[in-house]
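This is protein_22.tsv (TSV, C-alpha atoms).
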chain	number	residue	atom	x	y	z
A	1	MET	CA	20.12	9.41	14.91
A	2	THR	CA	23.02	7.27	13.66
A	3	ALA	CA	21.74	4.24	15.57
A	4	LYS	CA	18.26	4.79	14.16
A	5	LEU	CA	19.57	5.03	10.61
A	6	ILE	CA	21.54	1.80	11.06
A	7	ARG	CA	18.49	0.00	12.45
A	8	ASN	CA	16.35	1.38	9.61
A	9	ALA	CA	18.92	0.12	7.11
A	10	TYR	CA	18.75	-3.37	8.63
A	11	GLU	CA	14.94	-3.48	8.44
A	12	ALA	CA	14.99	-2.08	4.90
A	13	ALA	CA	17.53	-4.74	3.91
A	14	LEU	CA	15.26	-7.50	5.22
A	15	THR	CA	12.28	-6.10	3.33
A	16	MET	CA	14.20	-5.64	0.08
A	17	THR	CA	15.65	-9.15	0.38
A	18	ALA	CA	12.12	-10.52	0.62
A	19	VAL	CA	10.98	-8.31	-2.27
A	20	LEU	CA	13.82	-9.39	-4.55
A	21	LEU	CA	13.35	-13.06	-3.66
A	22	SER	CA	9.63	-12.80	-4.35
A	23	TRP	CA	10.36	-11.03	-7.63
A	24	GLY	CA	12.79	-13.78	-8.61
A	25	VAL	CA	10.25	-16.53	-7.92
A	26	ALA	CA	7.56	-14.64	-9.83
A	27	LEU	CA	9.99	-14.10	-12.73
A	28	TRP	CA	10.62	-17.83	-12.88
A	29	LEU	CA	6.88	-18.50	-12.69
A	30	GLU	CA	6.21	-16.02	-15.48
A	31	GLY	CA	8.66	-17.79	-17.77
A	32	VAL	CA	7.51	-21.32	-16.98
A	33	VAL	CA	3.76	-20.74	-17.11
A	34	GLY	CA	3.71	-17.90	-19.62
A	35	LEU	CA	2.08	-15.28	-17.41
A	36	HIS	CA	2.00	-11.56	-18.04
A	37	THR	CA	4.59	-9.22	-16.52
A	38	ASP	CA	2.06	-7.86	-14.04
A	39	VAL	CA	2.52	-11.01	-11.94
A	40	LEU	CA	5.95	-9.58	-11.07
A	41	VAL	CA	4.43	-6.31	-9.93
A	42	LEU	CA	1.78	-8.11	-7.89
A	43	ALA	CA	4.43	-10.22	-6.15
A	44	VAL	CA	6.54	-7.16	-5.32
A	45	ALA	CA	3.54	-5.10	-4.14
A	46	LEU	CA	2.18	-7.82	-1.85
A	47	THR	CA	5.60	-8.66	-0.41
A	48	LEU	CA	6.39	-5.03	0.21
A	49	THR	CA	3.08	-4.33	1.96
A	50	LEU	CA	3.13	-7.58	3.93
A	51	SER	CA	6.67	-7.22	5.31
A	52	SER	CA	5.81	-4.55	7.86
A	53	THR	CA	2.55	-6.11	9.06
A	54	GLN	CA	4.20	-9.49	9.68
A	55	ARG	CA	7.37	-8.24	11.36
A	56	THR	CA	6.12	-8.92	14.90
A	57	ALA	CA	3.31	-11.34	14.06
A	58	ASP	CA	2.80	-14.45	16.16
A	59	THR	CA	1.91	-17.86	14.71
A	60	ARG	CA	-1.82	-17.24	14.87
A	61	ARG	CA	-1.56	-13.99	12.95
A	62	ARG	CA	0.67	-15.58	10.33
A	63	LEU	CA	-1.76	-18.43	9.78
A	64	THR	CA	-4.53	-15.87	9.45
A	65	ALA	CA	-2.46	-14.06	6.82
A	66	LEU	CA	-1.87	-17.32	4.96
A	67	VAL	CA	-5.63	-17.80	4.65
A	68	LEU	CA	-6.80	-14.23	4.09
A	69	LEU	CA	-4.12	-12.80	1.82
A	70	PRO	CA	-4.35	-15.39	-1.00
A	71	ALA	CA	-8.16	-15.28	-0.84
A	72	THR	CA	-8.35	-11.50	-1.00
A	73	ALA	CA	-5.59	-11.34	-3.63
A	74	GLY	CA	-7.67	-13.61	-5.86
A	75	ALA	CA	-10.85	-11.66	-5.14
A	76	SER	CA	-9.12	-8.36	-5.91
A	77	ILE	CA	-8.56	-9.55	-9.49
A	78	PHE	CA	-12.33	-9.83	-9.94
A	79	VAL	CA	-12.72	-6.33	-8.51
A	80	GLY	CA	-10.14	-5.05	-10.98
A	81	ARG	CA	-11.94	-6.69	-13.91
A	82	LEU	CA	-15.23	-5.26	-12.66
A	83	ILE	CA	-13.76	-1.74	-12.57
A	84	VAL	CA	-12.57	-2.13	-16.16
A	85	SER	CA	-15.87	-3.48	-17.50
A	86	HIS	CA	-18.37	-1.67	-15.23
A	87	TYR	CA	-16.58	1.25	-13.65
A	88	ALA	CA	-19.33	2.50	-11.33
A	89	ILE	CA	-20.15	-0.95	-9.96
A	90	GLY	CA	-16.49	-1.86	-9.55
A	91	ALA	CA	-15.77	1.43	-7.80
A	92	ALA	CA	-18.68	0.81	-5.41
A	93	VAL	CA	-17.42	-2.71	-4.58
A	94	TYR	CA	-13.88	-1.42	-4.07
A	95	THR	CA	-15.08	1.40	-1.81
A	96	ALA	CA	-17.20	-0.99	0.26
A	97	GLY	CA	-14.26	-3.36	0.67
A	98	MET	CA	-11.98	-0.59	1.93
A	99	ALA	CA	-14.62	0.71	4.33
A	100	LEU	CA	-15.27	-2.81	5.66
A	101	ALA	CA	-11.54	-3.33	6.29
A	102	ILE	CA	-11.62	-0.31	8.62
A	103	TRP	CA	-15.03	-0.81	10.21
A	104	ILE	CA	-14.25	-4.32	11.51
A	105	ARG	CA	-11.42	-2.90	13.64
A	106	ARG	CA	-14.07	-2.15	16.25
A	107	PHE	CA	-13.90	-5.85	17.22
A	108	GLY	CA	-10.36	-5.74	18.59
A	109	PRO	CA	-6.72	-6.41	17.64
A	110	VAL	CA	-7.40	-9.63	15.73
A	111	ALA	CA	-10.05	-7.95	13.58
A	112	THR	CA	-7.73	-4.98	13.08
A	113	LYS	CA	-4.98	-7.18	11.65
A	114	ALA	CA	-7.52	-9.02	9.51
A	115	GLY	CA	-8.76	-5.70	8.18
A	116	THR	CA	-5.23	-4.73	7.23
A	117	LEU	CA	-4.80	-7.99	5.32
A	118	LEU	CA	-8.11	-7.44	3.52
A	119	ALA	CA	-6.95	-4.01	2.40
A	120	LEU	CA	-3.48	-5.01	1.15
A	121	PRO	CA	-4.53	-6.60	-2.19
A	122	LEU	CA	-6.96	-3.76	-2.82
A	123	VAL	CA	-4.15	-1.25	-2.39
A	124	ALA	CA	-1.90	-3.40	-4.59
A	125	LEU	CA	-4.66	-3.33	-7.22
A	126	LEU	CA	-3.96	0.39	-7.65
A	127	VAL	CA	-0.26	-0.35	-8.12
A	128	VAL	CA	-0.41	-3.40	-10.40
A	129	PRO	CA	-0.42	-2.33	-14.07
A	130	GLY	CA	-3.93	-2.54	-15.42
A	131	PRO	CA	-6.32	0.08	-16.73
A	132	ALA	CA	-3.77	2.84	-16.04
A	133	LEU	CA	-1.40	1.35	-18.64
A	134	PRO	CA	-1.42	1.58	-22.42
A	135	ALA	CA	-3.75	-0.86	-24.17
A	136	LYS	CA	-0.88	-3.00	-25.45
A	137	ALA	CA	0.15	-3.76	-21.86
A	138	GLN	CA	-3.31	-4.82	-20.67
A	139	SER	CA	-3.66	-8.17	-22.39
A	140	GLY	CA	-3.28	-11.44	-20.54
A	141	LEU	CA	-3.36	-10.02	-17.03
A	142	VAL	CA	-2.82	-12.44	-14.18
A	143	THR	CA	-5.82	-14.58	-13.21
A	144	TRP	CA	-7.35	-14.94	-9.76
A	145	GLY	CA	-5.82	-18.40	-9.22
A	146	TRP	CA	-2.29	-17.24	-9.90
A	147	SER	CA	-2.92	-14.14	-7.79
A	148	ALA	CA	-3.87	-16.32	-4.84
A	149	LEU	CA	-0.72	-18.40	-5.37
A	150	VAL	CA	1.39	-15.24	-5.47
A	151	GLY	CA	-0.24	-14.12	-2.21
A	152	ALA	CA	0.68	-17.41	-0.52
A	153	MET	CA	4.19	-17.18	-1.95
A	154	ALA	CA	4.58	-13.64	-0.58
A	155	CYS	CA	3.66	-14.91	2.90
A	156	GLY	CA	6.24	-17.69	2.73
A	157	VAL	CA	9.02	-15.44	1.45
A	158	VAL	CA	8.41	-12.76	4.08
A	159	TRP	CA	8.38	-15.32	6.92
A	160	LEU	CA	11.53	-17.00	5.62
A	161	VAL	CA	13.56	-13.80	5.35
A	162	GLN	CA	12.35	-12.33	8.62
A	163	GLY	CA	12.85	-15.64	10.43
A	164	LEU	CA	16.43	-15.91	9.21
A	165	GLY	CA	17.02	-12.28	10.13
A	166	ASP	CA	15.80	-12.83	13.68
A	167	ARG	CA	17.79	-16.04	14.02
A	168	PHE	CA	21.13	-14.85	12.67
A	169	GLY	CA	20.88	-11.06	12.82
A	170	PRO	CA	22.26	-8.82	15.60
A	171	ARG	CA	20.58	-9.70	18.88
A	172	PRO	CA	19.45	-6.13	19.77
A	173	TRP	CA	17.54	-5.95	16.48
A	174	ARG	CA	15.66	-9.22	16.76
A	175	THR	CA	11.92	-8.92	17.29
A	176	GLU	CA	9.47	-10.71	19.52
A	177	PRO	CA	5.82	-11.44	18.68
A	178	ASP	CA	3.52	-8.55	19.55
A	179	PRO	CA	0.55	-9.87	21.55
A	180	GLY	CA	-1.47	-6.77	20.65
A	181	GLN	CA	-3.27	-4.49	23.07
A	182	PRO	CA	-7.05	-4.37	23.42
A	183	PRO	CA	-8.54	-1.07	22.26
A	184	ARG	CA	-9.68	1.49	24.78
A	185	ARG	CA	-13.42	1.81	24.95
A	186	SER	CA	-14.38	5.10	23.33
A	187	ARG	CA	-17.36	7.17	24.42
A	188	LEU	CA	-17.55	8.71	20.99
A	189	HIS	CA	-20.68	7.94	18.94
A	190	PRO	CA	-20.55	6.77	16.26
A	191	ARG	CA	-17.42	4.85	17.21
A	192	PRO	CA	-14.07	5.98	15.78
A	193	SER	CA	-13.91	2.89	13.56
A	194	THR	CA	-17.31	3.73	12.07
A	195	ARG	CA	-16.33	7.37	11.54
A	196	MET	CA	-13.06	6.40	9.87
A	197	ALA	CA	-14.79	3.85	7.65
A	198	LEU	CA	-17.35	6.43	6.52
A	199	GLN	CA	-14.62	9.00	5.90
A	200	MET	CA	-12.62	6.49	3.86
A	201	ALA	CA	-15.69	5.48	1.87
A	202	ALA	CA	-16.59	9.09	1.11
A	203	GLY	CA	-13.03	10.02	0.14
A	204	ILE	CA	-12.49	6.99	-2.11
A	205	ALA	CA	-15.93	7.22	-3.72
A	206	ALA	CA	-15.32	10.88	-4.55
A	207	ALA	CA	-11.84	10.01	-5.83
A	208	PHE	CA	-13.26	7.38	-8.18
A	209	ALA	CA	-15.85	9.83	-9.53
A	210	VAL	CA	-13.54	12.82	-9.90
A	211	GLY	CA	-10.64	10.68	-11.09
A	212	ARG	CA	-12.66	9.19	-13.92
A	213	LEU	CA	-14.16	12.54	-14.85
A	214	LEU	CA	-10.94	14.54	-14.90
A	215	PHE	CA	-8.15	12.02	-15.42
A	216	ASP	CA	-9.69	9.20	-17.47
A	217	ASP	CA	-7.49	6.05	-17.18
A	218	HIS	CA	-5.19	7.72	-14.67
A	219	TRP	CA	-7.84	7.65	-11.92
A	220	PRO	CA	-5.70	5.30	-9.72
A	221	TRP	CA	-3.45	8.24	-8.79
A	222	VAL	CA	-6.42	10.07	-7.28
A	223	VAL	CA	-7.82	7.02	-5.48
A	224	LEU	CA	-4.45	5.90	-4.09
A	225	THR	CA	-3.73	9.35	-2.67
A	226	ALA	CA	-7.19	9.56	-1.11
A	227	TYR	CA	-6.55	6.23	0.60
A	228	VAL	CA	-3.03	7.10	1.75
A	229	ALA	CA	-3.96	10.42	3.31
A	230	ALA	CA	-6.93	8.96	5.22
A	231	SER	CA	-5.42	5.66	6.40
A	232	GLY	CA	-4.35	5.53	10.04
A	233	ASN	CA	-6.42	8.65	10.68
A	234	ARG	CA	-5.20	10.38	13.84
A	235	GLY	CA	-7.46	13.36	13.39
A	236	ARG	CA	-7.85	16.34	11.09
A	237	THR	CA	-4.30	17.64	11.43
A	238	ASP	CA	-2.81	14.20	10.74
A	239	VAL	CA	-4.78	13.79	7.50
A	240	LEU	CA	-3.81	17.29	6.37
A	241	ARG	CA	-0.13	16.65	7.20
A	242	LYS	CA	-0.05	13.36	5.29
A	243	GLY	CA	-1.79	14.95	2.33
A	244	VAL	CA	0.79	17.72	2.18
A	245	GLU	CA	3.71	15.31	2.70
A	246	ARG	CA	2.44	12.99	-0.02
A	247	LEU	CA	2.04	15.85	-2.46
A	248	ALA	CA	5.51	17.20	-1.66
A	249	GLY	CA	7.12	13.77	-1.86
A	250	ALA	CA	5.24	12.88	-5.02
A	251	THR	CA	6.37	16.09	-6.67
A	252	ILE	CA	10.01	15.31	-5.93
A	253	GLY	CA	9.61	11.65	-6.93
A	254	THR	CA	7.94	12.49	-10.21
A	255	LEU	CA	10.59	15.06	-11.05
A	256	LEU	CA	13.30	12.48	-10.34
A	257	ALA	CA	11.59	9.92	-12.57
A	258	ALA	CA	11.15	12.50	-15.32
A	259	GLY	CA	14.85	13.33	-15.06
A	260	VAL	CA	15.75	9.67	-15.40
A	261	ALA	CA	13.49	9.32	-18.42
A	262	SER	CA	14.99	12.40	-20.03
A	263	ILE	CA	18.47	10.88	-20.03
A	264	GLY	CA	17.21	7.71	-21.67
A	265	VAL	CA	17.28	5.16	-18.82
A	266	THR	CA	14.86	2.42	-19.88
A	267	GLY	CA	14.36	-1.35	-19.85
A	268	ASP	CA	16.15	-3.51	-17.28
A	269	THR	CA	18.23	-0.57	-16.10
A	270	ALA	CA	15.06	1.30	-15.14
A	271	VAL	CA	13.84	-1.77	-13.20
A	272	ALA	CA	17.13	-2.02	-11.29
A	273	LEU	CA	16.96	1.69	-10.50
A	274	MET	CA	13.37	1.23	-9.31
A	275	PHE	CA	14.48	-1.34	-6.73
A	276	ALA	CA	17.33	0.92	-5.62
A	277	VAL	CA	14.93	3.82	-5.11
A	278	LEU	CA	12.58	1.57	-3.10
A	279	ALA	CA	15.46	0.51	-0.84
A	280	VAL	CA	16.41	4.12	-0.08
A	281	ALA	CA	12.75	5.06	0.50
A	282	LEU	CA	12.31	2.17	2.95
A	283	TRP	CA	15.47	3.23	4.78
A	284	LEU	CA	14.34	6.85	5.20
A	285	ARG	CA	10.61	6.28	5.70
A	286	PRO	CA	10.72	6.22	9.54
A	287	LEU	CA	12.28	9.69	9.49
A	288	ASN	CA	9.53	11.34	7.45
A	289	TYR	CA	6.67	10.08	5.31
A	290	ALA	CA	7.63	12.45	2.48
A	291	TYR	CA	10.70	10.29	1.76
A	292	TRP	CA	8.48	7.26	1.23
A	293	ALA	CA	6.04	9.22	-0.92
A	294	ALA	CA	8.89	10.45	-3.09
A	295	GLY	CA	10.40	6.97	-3.43
A	296	MET	CA	7.11	5.24	-4.22
A	297	THR	CA	6.09	7.87	-6.76
A	298	CYS	CA	9.48	7.73	-8.46
A	299	SER	CA	9.36	3.92	-8.54
A	300	LEU	CA	5.85	3.86	-10.00
A	301	SER	CA	6.85	6.42	-12.61
A	302	LEU	CA	9.80	4.24	-13.60
A	303	LEU	CA	7.53	1.19	-13.70
A	304	PHE	CA	4.93	2.84	-15.88
A	305	GLY	CA	7.71	4.19	-18.08
A	306	TYR	CA	8.91	0.62	-18.50
A	307	PHE	CA	5.45	-0.22	-19.86
A	308	GLY	CA	5.48	2.68	-22.30
A	309	GLN	CA	4.12	5.70	-20.46
A	310	ASP	CA	5.87	9.06	-20.97
A	311	ALA	CA	6.91	10.34	-17.53
A	312	LEU	CA	7.65	13.84	-18.80
A	313	GLN	CA	4.35	14.20	-20.62
A	314	LEU	CA	2.32	12.86	-17.69
A	315	LEU	CA	4.11	14.92	-15.01
A	316	PRO	CA	1.43	17.67	-14.72
A	317	THR	CA	-1.41	15.12	-14.84
A	318	ARG	CA	0.16	12.95	-12.13
A	319	LEU	CA	0.70	15.88	-9.77
A	320	GLU	CA	-2.82	17.19	-10.38
A	321	GLY	CA	-4.27	13.75	-9.61
A	322	ILE	CA	-2.29	13.47	-6.38
A	323	ALA	CA	-3.32	16.98	-5.31
A	324	VAL	CA	-7.00	16.27	-6.01
A	325	GLY	CA	-6.87	12.98	-4.07
A	326	ALA	CA	-5.26	14.70	-1.08
A	327	VAL	CA	-7.88	17.46	-1.07
A	328	LEU	CA	-10.76	14.98	-1.23
A	329	SER	CA	-9.35	13.00	1.68
A	330	VAL	CA	-8.78	16.11	3.80
A	331	VAL	CA	-12.30	17.41	3.11
A	332	SER	CA	-13.78	14.06	4.13
A	333	ALA	CA	-11.74	13.85	7.36
A	334	TRP	CA	-12.46	17.43	8.36
A	335	TRP	CA	-16.17	17.64	7.64
A	336	LEU	CA	-17.62	14.12	7.85
A	337	LEU	CA	-17.77	12.92	11.47
A	338	PRO	CA	-14.19	14.03	12.33
A	339	VAL	CA	-12.24	11.87	14.79
A	340	PRO	CA	-10.91	13.87	17.77
A	341	ARG	CA	-7.25	13.06	18.30
A	342	ALA	CA	-7.61	12.55	22.05
A	343	ARG	CA	-10.36	9.96	21.60
A	344	ARG	CA	-8.83	8.00	18.77
A	345	GLN	CA	-8.31	4.31	19.55
A	346	PRO	CA	-4.61	3.43	19.16
A	347	VAL	CA	-5.43	0.12	17.49
A	348	LEU	CA	-7.08	1.96	14.63
A	349	GLY	CA	-3.88	3.60	13.44
A	350	THR	CA	-2.71	0.76	11.23
A	351	THR	CA	-1.55	1.97	7.84
A	352	SER	CA	-0.75	-0.12	4.84
A	353	PRO	CA	2.98	0.00	4.17
A	354	VAL	CA	2.57	0.45	0.46
A	355	SER	CA	0.95	3.80	1.25
Can I see the file as structure tokens?
Amino acid sequence: MTAKLIRNAYEAALTMTAVLLSWGVALWLEGVVGLHTDVLVLAVALTLTLSSTQRTADTRRRLTALVLLPATAGASIFVGRLIVSHYAIGAAVYTAGMALAIWIRRFGPVATKAGTLLALPLVALLVVPGPALPAKAQSGLVTWGWSALVGAMACGVVWLVQGLGDRFGPRPWRTEPDPGQPPRRSRLHPRPSTRMALQMAAGIAAAFAVGRLLFDDHWPWVVLTAYVAASGNRGRTDVLRKGVERLAGATIGTLLAAGVASIGVTGDTAVALMFAVLAVALWLRPLNYAYWAAGMTCSLSLLFGYFGQDALQLLPTRLEGIAVGAVLSVVSAWWLLPVPRARRQPVLGTTSPVS
């Protein structure tokens, strides 16, 4: 256990180094060009989610990421604007994009990695301050061109930090490119990838509808939880376990953030604390997903508090949204073309790190 914790700390340090470097570059860019603060959040979200997927990537996969991530980051901005202006249409486009990112995994390891890259900016869209923030924080949001540039920058920063870590870090902890294993041919019909895509589409579509109906501008909490619980679906029990762990972790994380808010920690101090919480969550994530859920929820609460939201006042609403999202995802996985654990294709288990 001690060796595992030390190795986890090393990997978390690499990721946080990349995150802080990306944040620093975005901060400089914000000041020079006059962008909105959400460019910082986009840079951090993309770097954080990309770090895990690129850790063992070969040159071909990295070049694929350099093409796909900026393009999908720019496109995600249009999806975000569409959700704000035409909620139903935007929700449908978002749902289709998420389902497509899973369905194409049927074509092998390369398509699986491409699907993960397609999903990353869409997941980040739920994290980047936008419609979930007060009106005063929604003006001047980052444009698609700058989003694409931030996506390319995130790729470069992640490769730089991980490359230096593998070159100068302890030899036992250096990584080698993962060639990827072809998926086993499943006799299940429809295929597992199709089943998982339909489950994800149903869960996210329901989350958009229920989230808007019950939680108004706080619908991202419902949608994000529905995605997290269903991603990397290993069967009914796995989805139920992740739903419970996310709810438990989110409860603890929200309570921590509310406690911080109650003692008056705001501004730059809250941002520094947010990064510290992320580092600890990354370190403990391999031990249990609940640690990551707690850390991410606490960090997002601190972030939204920085933009003016009241963590104490929104505590019940946040927990209700997370619980509803988990239930929707579990219902979809259990009753809509469930994927038997024994027949699941290993290559389909990729989960976005931000989740």
Best match for closeness to Gly259 (chain A) among A:Ser301, A:Asp217, A:Pro192, A:Ala279, counting all atoms listed in the file: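 Smallest separation from Gly259 (chain A) among the options: A:Ser301.
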Selection near Leu69 (chain A), 10 Å with only C-alpha atoms, sequence-local residues under 2 positions removed, as a VMD selection string: chain A and resid 46 50 64 to 67 71 to 75 114 116 to 121 147 to 152 154 to 155
May I have the selected residues written with C-alpha atoms, as a JSON list (two decimals), keeping the file's coordinate frame?
[["chain", "number", "residue", "atom", "x", "y", "z"],
["A", 46, "LEU", "CA", 2.18, -7.82, -1.85],
["A", 50, "LEU", "CA", 3.13, -7.58, 3.93],
["A", 64, "THR", "CA", -4.53, -15.87, 9.45],
["A", 65, "ALA", "CA", -2.46, -14.06, 6.82],
["A", 66, "LEU", "CA", -1.87, -17.32, 4.96],
["A", 67, "VAL", "CA", -5.63, -17.80, 4.65],
["A", 71, "ALA", "CA", -8.16, -15.28, -0.84],
["A", 72, "THR", "CA", -8.35, -11.50, -1.00],
["A", 73, "ALA", "CA", -5.59, -11.34, -3.63],
["A", 74, "GLY", "CA", -7.67, -13.61, -5.86],
["A", 75, "ALA", "CA", -10.85, -11.66, -5.14],
["A", 114, "ALA", "CA", -7.52, -9.02, 9.51],
["A", 116, "THR", "CA", -5.23, -4.73, 7.23],
["A", 117, "LEU", "CA", -4.80, -7.99, 5.32],
["A", 118, "LEU", "CA", -8.11, -7.44, 3.52],
["A", 119, "ALA", "CA", -6.95, -4.01, 2.40],
["A", 120, "LEU", "CA", -3.48, -5.01, 1.15],
["A", 121, "PRO", "CA", -4.53, -6.60, -2.19],
["A", 147, "SER", "CA", -2.92, -14.14, -7.79],
["A", 148, "ALA", "CA", -3.87, -16.32, -4.84],
["A", 149, "LEU", "CA", -0.72, -18.40, -5.37],
["A", 150, "VAL", "CA", 1.39, -15.24, -5.47],
["A", 151, "GLY", "CA", -0.24, -14.12, -2.21],
["A", 152, "ALA", "CA", 0.68, -17.41, -0.52],
["A", 154, "ALA", "CA", 4.58, -13.64, -0.58],
["A", 155, "CYS", "CA", 3.66, -14.91, 2.90]]
Shortest interatomic distance to Ala326 (chain A) - which of A:Gly267, A:Gly305, A:Pro338, A:Ala250, counting all atoms listed in the file: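 Checking each of A:Gly267, A:Gly305, A:Pro338, A:Ala250 against Ala326 (chain A), counting all atoms listed in the file, the winner is A:Ala250.
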Residue list as an NGL selection string for point (-2.1, -4.8, -9.0), cut-off 9 Å, only C-alpha atoms: :A and (38-39 or 41-43 or 45-46 or 76-77 or 80 or 121-130)
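Between Phe275 (chain A) and the residues A:Ser231, A:Thr17, A:Thr317, A:Thr143, the shortest atom-to-atom distance, using all atoms listed in the file, involves A:Thr17.
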Ref. answer, residues at most 10 Å from (-13.2, -1.6, 9.2) with all atoms listed in the file, as number ranges by chain: A: 96-107, 111-112, 114-116, 118-119, 193-198, 200, 348
Go ahead and write the selection's residues with C-alpha atoms as a PDB file, keeping the file's coordinate frame.
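To be explicit, this is the file written out as out_10.pdb:
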ATOM      1  CA  ALA A  96     -17.200  -0.990   0.260  1.00  0.00           C
ATOM      2  CA  GLY A  97     -14.260  -3.360   0.670  1.00  0.00           C
ATOM      3  CA  MET A  98     -11.980  -0.590   1.930  1.00  0.00           C
ATOM      4  CA  ALA A  99     -14.620   0.710   4.330  1.00  0.00           C
ATOM      5  CA  LEU A 100     -15.270  -2.810   5.660  1.00  0.00           C
ATOM      6  CA  ALA A 101     -11.540  -3.330   6.290  1.00  0.00           C
ATOM      7  CA  ILE A 102     -11.620  -0.310   8.620  1.00  0.00           C
ATOM      8  CA  TRP A 103     -15.030  -0.810  10.210  1.00  0.00           C
ATOM      9  CA  ILE A 104     -14.250  -4.320  11.510  1.00  0.00           C
ATOM     10  CA  ARG A 105     -11.420  -2.900  13.640  1.00  0.00           C
ATOM     11  CA  ARG A 106     -14.070  -2.150  16.250  1.00  0.00           C
ATOM     12  CA  PHE A 107     -13.900  -5.850  17.220  1.00  0.00           C
ATOM     13  CA  ALA A 111     -10.050  -7.950  13.580  1.00  0.00           C
ATOM     14  CA  THR A 112      -7.730  -4.980  13.080  1.00  0.00           C
ATOM     15  CA  ALA A 114      -7.520  -9.020   9.510  1.00  0.00           C
ATOM     16  CA  GLY A 115      -8.760  -5.700   8.180  1.00  0.00           C
ATOM     17  CA  THR A 116      -5.230  -4.730   7.230  1.00  0.00           C
ATOM     18  CA  LEU A 118      -8.110  -7.440   3.520  1.00  0.00           C
ATOM     19  CA  ALA A 119      -6.950  -4.010   2.400  1.00  0.00           C
ATOM     20  CA  SER A 193     -13.910   2.890  13.560  1.00  0.00           C
ATOM     21  CA  THR A 194     -17.310   3.730  12.070  1.00  0.00           C
ATOM     22  CA  ARG A 195     -16.330   7.370  11.540  1.00  0.00           C
ATOM     23  CA  MET A 196     -13.060   6.400   9.870  1.00  0.00           C
ATOM     24  CA  ALA A 197     -14.790   3.850   7.650  1.00  0.00           C
ATOM     25  CA  LEU A 198     -17.350   6.430   6.520  1.00  0.00           C
ATOM     26  CA  MET A 200     -12.620   6.490   3.860  1.00  0.00           C
ATOM     27  CA  LEU A 348      -7.080   1.960  14.630  1.00  0.00           C
TER      28      LEU A 348
END
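Taking all atoms listed in the file into account, Val265 (chain A) lies nearest to A:Tyr306 out of the set A:Leu35, A:Arg285, A:Arg241, A:Tyr306.
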Selection: 10 Å around region 323-325 of chain A, only C-alpha atoms, excl. self and same-chain fewer than 2 positions, as a ChimeraX atom specification: /A:203-204,206-208,210-211,214,219-229,243-244,246-248,250-251,317-321,327-330
With C-alpha atoms retained, export the selected residues as a PDB file, in the coordinates of the input.
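Just written: part36.pdb:
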ATOM      1  CA  GLY A 203     -13.030  10.020   0.140  1.00  0.00           C
ATOM      2  CA  ILE A 204     -12.490   6.990  -2.110  1.00  0.00           C
ATOM      3  CA  ALA A 206     -15.320  10.880  -4.550  1.00  0.00           C
ATOM      4  CA  ALA A 207     -11.840  10.010  -5.830  1.00  0.00           C
ATOM      5  CA  PHE A 208     -13.260   7.380  -8.180  1.00  0.00           C
ATOM      6  CA  VAL A 210     -13.540  12.820  -9.900  1.00  0.00           C
ATOM      7  CA  GLY A 211     -10.640  10.680 -11.090  1.00  0.00           C
ATOM      8  CA  LEU A 214     -10.940  14.540 -14.900  1.00  0.00           C
ATOM      9  CA  TRP A 219      -7.840   7.650 -11.920  1.00  0.00           C
ATOM     10  CA  PRO A 220      -5.700   5.300  -9.720  1.00  0.00           C
ATOM     11  CA  TRP A 221      -3.450   8.240  -8.790  1.00  0.00           C
ATOM     12  CA  VAL A 222      -6.420  10.070  -7.280  1.00  0.00           C
ATOM     13  CA  VAL A 223      -7.820   7.020  -5.480  1.00  0.00           C
ATOM     14  CA  LEU A 224      -4.450   5.900  -4.090  1.00  0.00           C
ATOM     15  CA  THR A 225      -3.730   9.350  -2.670  1.00  0.00           C
ATOM     16  CA  ALA A 226      -7.190   9.560  -1.110  1.00  0.00           C
ATOM     17  CA  TYR A 227      -6.550   6.230   0.600  1.00  0.00           C
ATOM     18  CA  VAL A 228      -3.030   7.100   1.750  1.00  0.00           C
ATOM     19  CA  ALA A 229      -3.960  10.420   3.310  1.00  0.00           C
ATOM     20  CA  GLY A 243      -1.790  14.950   2.330  1.00  0.00           C
ATOM     21  CA  VAL A 244       0.790  17.720   2.180  1.00  0.00           C
ATOM     22  CA  ARG A 246       2.440  12.990  -0.020  1.00  0.00           C
ATOM     23  CA  LEU A 247       2.040  15.850  -2.460  1.00  0.00           C
ATOM     24  CA  ALA A 248       5.510  17.200  -1.660  1.00  0.00           C
ATOM     25  CA  ALA A 250       5.240  12.880  -5.020  1.00  0.00           C
ATOM     26  CA  THR A 251       6.370  16.090  -6.670  1.00  0.00           C
ATOM     27  CA  THR A 317      -1.410  15.120 -14.840  1.00  0.00           C
ATOM     28  CA  ARG A 318       0.160  12.950 -12.130  1.00  0.00           C
ATOM     29  CA  LEU A 319       0.700  15.880  -9.770  1.00  0.00           C
ATOM     30  CA  GLU A 320      -2.820  17.190 -10.380  1.00  0.00           C
ATOM     31  CA  GLY A 321      -4.270  13.750  -9.610  1.00  0.00           C
ATOM     32  CA  VAL A 327      -7.880  17.460  -1.070  1.00  0.00           C
ATOM     33  CA  LEU A 328     -10.760  14.980  -1.230  1.00  0.00           C
ATOM     34  CA  SER A 329      -9.350  13.000   1.680  1.00  0.00           C
ATOM     35  CA  VAL A 330      -8.780  16.110   3.800  1.00  0.00           C
TER      36      VAL A 330
END
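Residues in contact with Trp334 (chain A) at up to 9 Å, not including ones fewer than 6 positions away on its chain and judged by only C-alpha atoms, are Gly235, Arg236, Thr237, Val239 and Leu240 of chain A.
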Separation of CA of Val32 (chain A) from CA of Met274 (chain A) in Å: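 Separating CA of Met274 (chain A) from CA of Val32 (chain A) is a distance of 24.5 Å.
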Closest of A:Leu336, A:Ala57, A:Met296, A:Leu303 to Val158 (chain A) - atom-to-atom distances counting all atoms listed in the file: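 Nearest to Val158 (chain A): A:Ala57.
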